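Below is one structure; the comments refer to it alone.
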Amino acid sequence: MTLAVVIAGDARDDRLPAERIAGQWRQAGAAEVRVVADLAELAELAAAAERPLVVSGADLVAHTAVLRHLLTAPMGPTGALVLTDAPAAGQAVVREERGQVVRAGAVADAEATGIFGGALKVGVADLPALARAAAEAGHAHRPGHAQQAGQSNWADQSNRDERAGRELVDALFVRFAAAGGPIFAQRVRLLVAHRVTDAAGLAAAEAEVAAVDSDRAELRLSVKERDDLFTTYCVSTWSPQVAKLAARIGLGPTAVTMISVFFAVAAAGLFAVSGALTSGARLALVAGGVLLYLGFVLDCVDGQLARYTRNFSAWGGWLDTMADRAKEYLVYAGLGIGVELAGLGPGWALAIAAMTLQTVRHMTDTWYGVLHDEAARRPAPDAATGGLGGRLSQASNRVQADTGSAMYWIKRTVVFPIGERWALIAVTAALFNPLVSLVAVLAWGALAFAYTMGLRTLRARSMRVAVMSTVDARLHRDDGPLLRRLPGFGAPLPVAVLAALAAGGLLLSALTGAGATAVAVGSVLVLLLVLAAAAAGGRPHTGALDWLVPAALRAAEYLLVIAVGVAGDVPAPLIFALLFVLALRHYDLTARLEKRQAAPPLHDAGLGGDGRAILLVAALLAGITTYAVATLSVYLLSLFVVSVILTWAVSPRRAPRPQAAAADSVKGVQTPG
């Protein structure tokens with residue numbers, strides 16, 4: 001439930017009546033709308049508010065859908081409308097990177113990428129900053145207030161009443177952006193939004209709004225602006241029509257997600273049984289490839305449906321993330337079974353390798369994204385703009401800006417995104433066999449990992465930004481309670497990488513048939529390194545490359561699980577099962593990272609990577625490895641299921657309901673349909 005505040009200004013210009021935009025905010029879904037004359041009133045409202053708040057001036061002319069998109073945007077709790085129009089007098093210009101406003105100012109800026117669109121959504125956590133910004137900007141705009149050195153040149157215009165409301169909202173935005181909190185940029189595509197200065201501009205903008213079919217535009221907007229090559233040309237060309245059909249028959253995004261899971265599981269089943277068939281194997285593989293493609297189409301449709309209907313939820317976003325990974329890894333399992341049944345080779349080993357590689361890759365992708373966002377929002381004062389890393393960053397930015405060019409598509413494809421992975425699996429399985437599919441996934445995945453790691457490491461060194469220090473590092477490292485209270489020793493990244501390398505060496509020894517004594521001694525040494533890595537979690541993670549720590553720890557733990565499983569003669573399906581459950585646990589943590597959410601319920605009961613390592617090595621030394629792996633798999637899966645129920649079913653019911661709901665129903669304001 002959101003409160004919308006329209007700043008009319010002291011003049012209350014009849015040419016741009018505040019009630020016009022106030023009515024649109026109601027239609028867009030704002031629970032309550034207030035019109036205020038100055039920033040002092042806004043500061044009082046923001047200080048007392050306990051729900052999200054949107055602020056706009058009276059000069060914004062836009063489709064109601066534009067306002068609804070800002071209200072319901074899932075990217076973050078705080079966002080601003082950004083337009084590409086030329087700035088008028090008193091309007092703030094902005095610079096954005098990776099979808100975030102990184103700078104805002106009142107004067108010309110050669111690096112500006114747009115102008116402030118006159119509408120700002122503020123999450124509950126950022127309301128104190130909004131109240132302070134409103135109070136400061138309001139004080140600076142009082143008649144007779146002297147301009148202080150170094151401040152933006154707003155006061156020169158403050159006495160021009162015909163622009164008072166417009167300039168107030170811009171001055172507010174500049175001061176709010178200077179507070180440094182993340183502000184996502186809500187761009188306007190296909191629809192219309194302009195800021196106007198007079199009645200003639202109002203009439204022209206309203207005519208432009210009326211000329212656009214908003215429903216048709218919203219359907220096209222349901223497709224991501226920038227997607228991967230296969231998705232863009234082989235899925236999104238027709239999937240929006242499926243999304244529109246789903247909306248008409250009443251299917252929600254979650255239902256579509258579950259149907260896509262069914263298709264993927266069915267495809268995995270066909271890949272698996274193909275190995276046991278003699279005459280119908282090719283038909284099963286082709287059918288599996290078709291179902292996998294259709295499952296991926298539906299995986300795109302659920303997001304498109306959510307954007308088209310503006311039906312977003314934290315649960316839906318979390319489920320989509322988890323379902324994507326679970327589907328992919330179940331397909332790996334199906335391919336592995338098919339390879340085994342057909343006698344083509346070690347199918348389970350290939351499936352385990354593919355899942356491990358992809359999970360570690362995803363950990364680096366996640367944390368590099370966080371690093372890049374932090375570098376854009378708060379660049380390090382001593383960040384290197386030259387050097388190899390700086391030149392690579394500049395080259396990458398140029399390629400990303402050249403949308404649709406050959407280099408743009410090569411860059412997006414070489415990193416092996418999910419669309420290309422599913423397409424590769426579907427085509428190679430249908431034309432060849434499951435063995436070719438798994439080998440192809442591993443080969444392309446390894447090359448993509450080497451490529452991205454090399455470039456990102458160089459670019460990260462030039463950025464010189466620490467991101468692990470901005471979050472609960474112990475949580476995202478998945479350290480257990482055993483060593484969490486230690487002050488910490490050792491450098492976090494070198495110890496974590498050393499543990500991963502040692503675990504890889506142990507696995508190689510187990511695979512090459514090293515003696516039981518050698519493997520036992522090696523497992524103890526790896527355990528000591530894992531414990532040292534956990535102990536290093538208490539040290540500050542401020543290095544330029546410390547964003548790699550979570551991925552290194554995942555690699556260390558997963559390789560240790562595989563090595564212990566091989567040394568202890570654990571059936572490969574059991575090793576896969578334990579790794580699958582661990583991956584779910586770690587993807588849950590990355591899903592919480594974007595929202596800066598706290599630890600999931602019962603997190604410490606998962607023992608952490610160090611606690612699980614102790615159990616596995618102890619089981620290997622005691623000769624009960626199979627029993628330990630099976631028990632740990634069941635235990636962690638049960639813990640995960642209970643945590644999901646507590647997070648998404650129990651906690652929301654216990655949360656207090658907003659008291660404003662009753663007042664809203666009395667006022668009869670419109671809510672989202």
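By order in the structure tokens, chains are A, B, ...; within a chain, residues start at 1; ligands start at 1, following the order shown.
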
Return as a tab-separated table the residues of segment 368-402 of chain A lying at most 12 Å from segment 590-598 of chain A, together with the closest atom-to-atom pair for each and the distance in Å to one decimal, counting only C-alpha atoms, with rows in chain order and ascending residue number.
residue	atom	partner	partner_atom	distance
A:Gly369	CA	A:Glu594	CA	9.9
A:Val370	CA	A:Glu594	CA	8.2
A:Leu371	CA	A:Glu594	CA	11.9
A:Asp373	CA	A:Glu594	CA	10.9

Excluding same-chain residues fewer than 4 positions from segment 328-335 of chain A, what lies within 10 Å of it counting only C-alpha atoms, as a CSV table (one decimal) with C-alpha atoms, in the first residue's frame?
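Printed below is part18.csv as written:
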chain,number,residue,atom,x,y,z
A,261,VAL,CA,9.0,-27.3,-14.2
A,264,ALA,CA,11.6,-29.8,-17.8
A,265,VAL,CA,11.1,-32.8,-15.5
A,266,ALA,CA,9.3,-34.6,-18.4
A,267,ALA,CA,12.2,-33.8,-20.7
A,268,ALA,CA,14.7,-35.1,-18.1
A,269,GLY,CA,12.7,-38.3,-17.9
A,270,LEU,CA,12.7,-38.8,-21.6
A,271,PHE,CA,16.5,-38.2,-21.7
A,272,ALA,CA,16.9,-40.8,-19.0
A,273,VAL,CA,14.7,-43.6,-20.5
A,274,SER,CA,16.2,-43.1,-23.9
A,275,GLY,CA,19.3,-45.0,-22.7
A,285,LEU,CA,15.4,-37.7,-27.3
A,288,GLY,CA,12.8,-34.5,-24.8
A,292,LEU,CA,12.9,-28.7,-23.0
A,323,ALA,CA,13.0,-23.4,-10.2
A,324,ASP,CA,15.4,-22.4,-12.9
A,339,VAL,CA,24.3,-42.0,-20.7
A,340,GLU,CA,24.7,-44.7,-18.0
A,341,LEU,CA,21.8,-46.9,-19.3
A,347,GLY,CA,27.0,-40.3,-17.0
A,348,TRP,CA,26.6,-39.5,-13.3
A,349,ALA,CA,30.2,-38.2,-13.1
A,350,LEU,CA,29.5,-35.8,-16.1
A,351,ALA,CA,26.2,-34.6,-14.5
A,352,ILE,CA,28.0,-34.0,-11.2
A,353,ALA,CA,30.8,-32.1,-13.0
A,354,ALA,CA,28.3,-30.0,-14.9
A,355,MET,CA,26.3,-29.1,-11.8
A,356,THR,CA,29.4,-28.2,-9.8
A,358,GLN,CA,27.5,-24.2,-13.2
A,359,THR,CA,26.9,-23.5,-9.5
A,418,ILE,CA,20.7,-20.1,-19.8
A,421,ARG,CA,22.5,-23.8,-22.5
A,422,TRP,CA,19.0,-25.1,-22.9
A,425,ILE,CA,21.1,-29.4,-24.7
A,429,ALA,CA,20.3,-34.5,-27.4
A,433,ASN,CA,22.8,-38.5,-27.6
A,434,PRO,CA,22.9,-37.5,-23.9
A,435,LEU,CA,26.7,-38.0,-23.8
A,436,VAL,CA,27.3,-35.3,-26.4
A,437,SER,CA,25.0,-33.0,-24.6
A,438,LEU,CA,26.8,-33.3,-21.3
A,441,VAL,CA,27.7,-28.3,-21.8
A,573,PRO,CA,23.4,-40.7,-7.5
A,576,PHE,CA,24.6,-35.9,-6.9
A,577,ALA,CA,21.8,-35.7,-4.5
A,580,PHE,CA,21.9,-30.8,-5.5
A,583,ALA,CA,23.1,-26.0,-4.4

Residue nearest Arg68 of chain A - candidates A:Asp320, A:Glu111, A:Asp227, A:Glu218, atoms counted: only C-alpha atoms: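 The shortest atom-to-atom distance to Arg68 of chain A comes from A:Glu218.
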
Calculated over only C-alpha atoms, which of the candidates A:Ala193, A:Leu639, A:Ala179, A:Val223 has the smallest distance to Val209 of chain A? A:Ala193

Surrounding residues of Ser396 of chain A excluding itself and chain neighbours under 2 positions, 12 Å, only C-alpha atoms, as an MDAnalysis selection string: chainID A and resid 389:394 398:403 407:408 410:412 452 455:456 459

Give the answer as one residue: which of A:Gly123, A:Pro540, A:Gly505, A:Gly338 has the shortest atom-to-atom distance to Ala281 of chain A, using only C-alpha atoms? A:Gly338

Contacts of Arg461 of chain A at 6 Å or less, counting only C-alpha atoms, minus same-chain residues fewer than 3 places along, as a VMD selection string? chain A and resid 458 464 544

May I have all residues of segment 39-203 of chain A that DSSP, computed from the backbone, assigns to alpha helix (DSSP H), given as a ChimeraX atom specification? /A:39-48,64-72,127-140,164-178,199-203
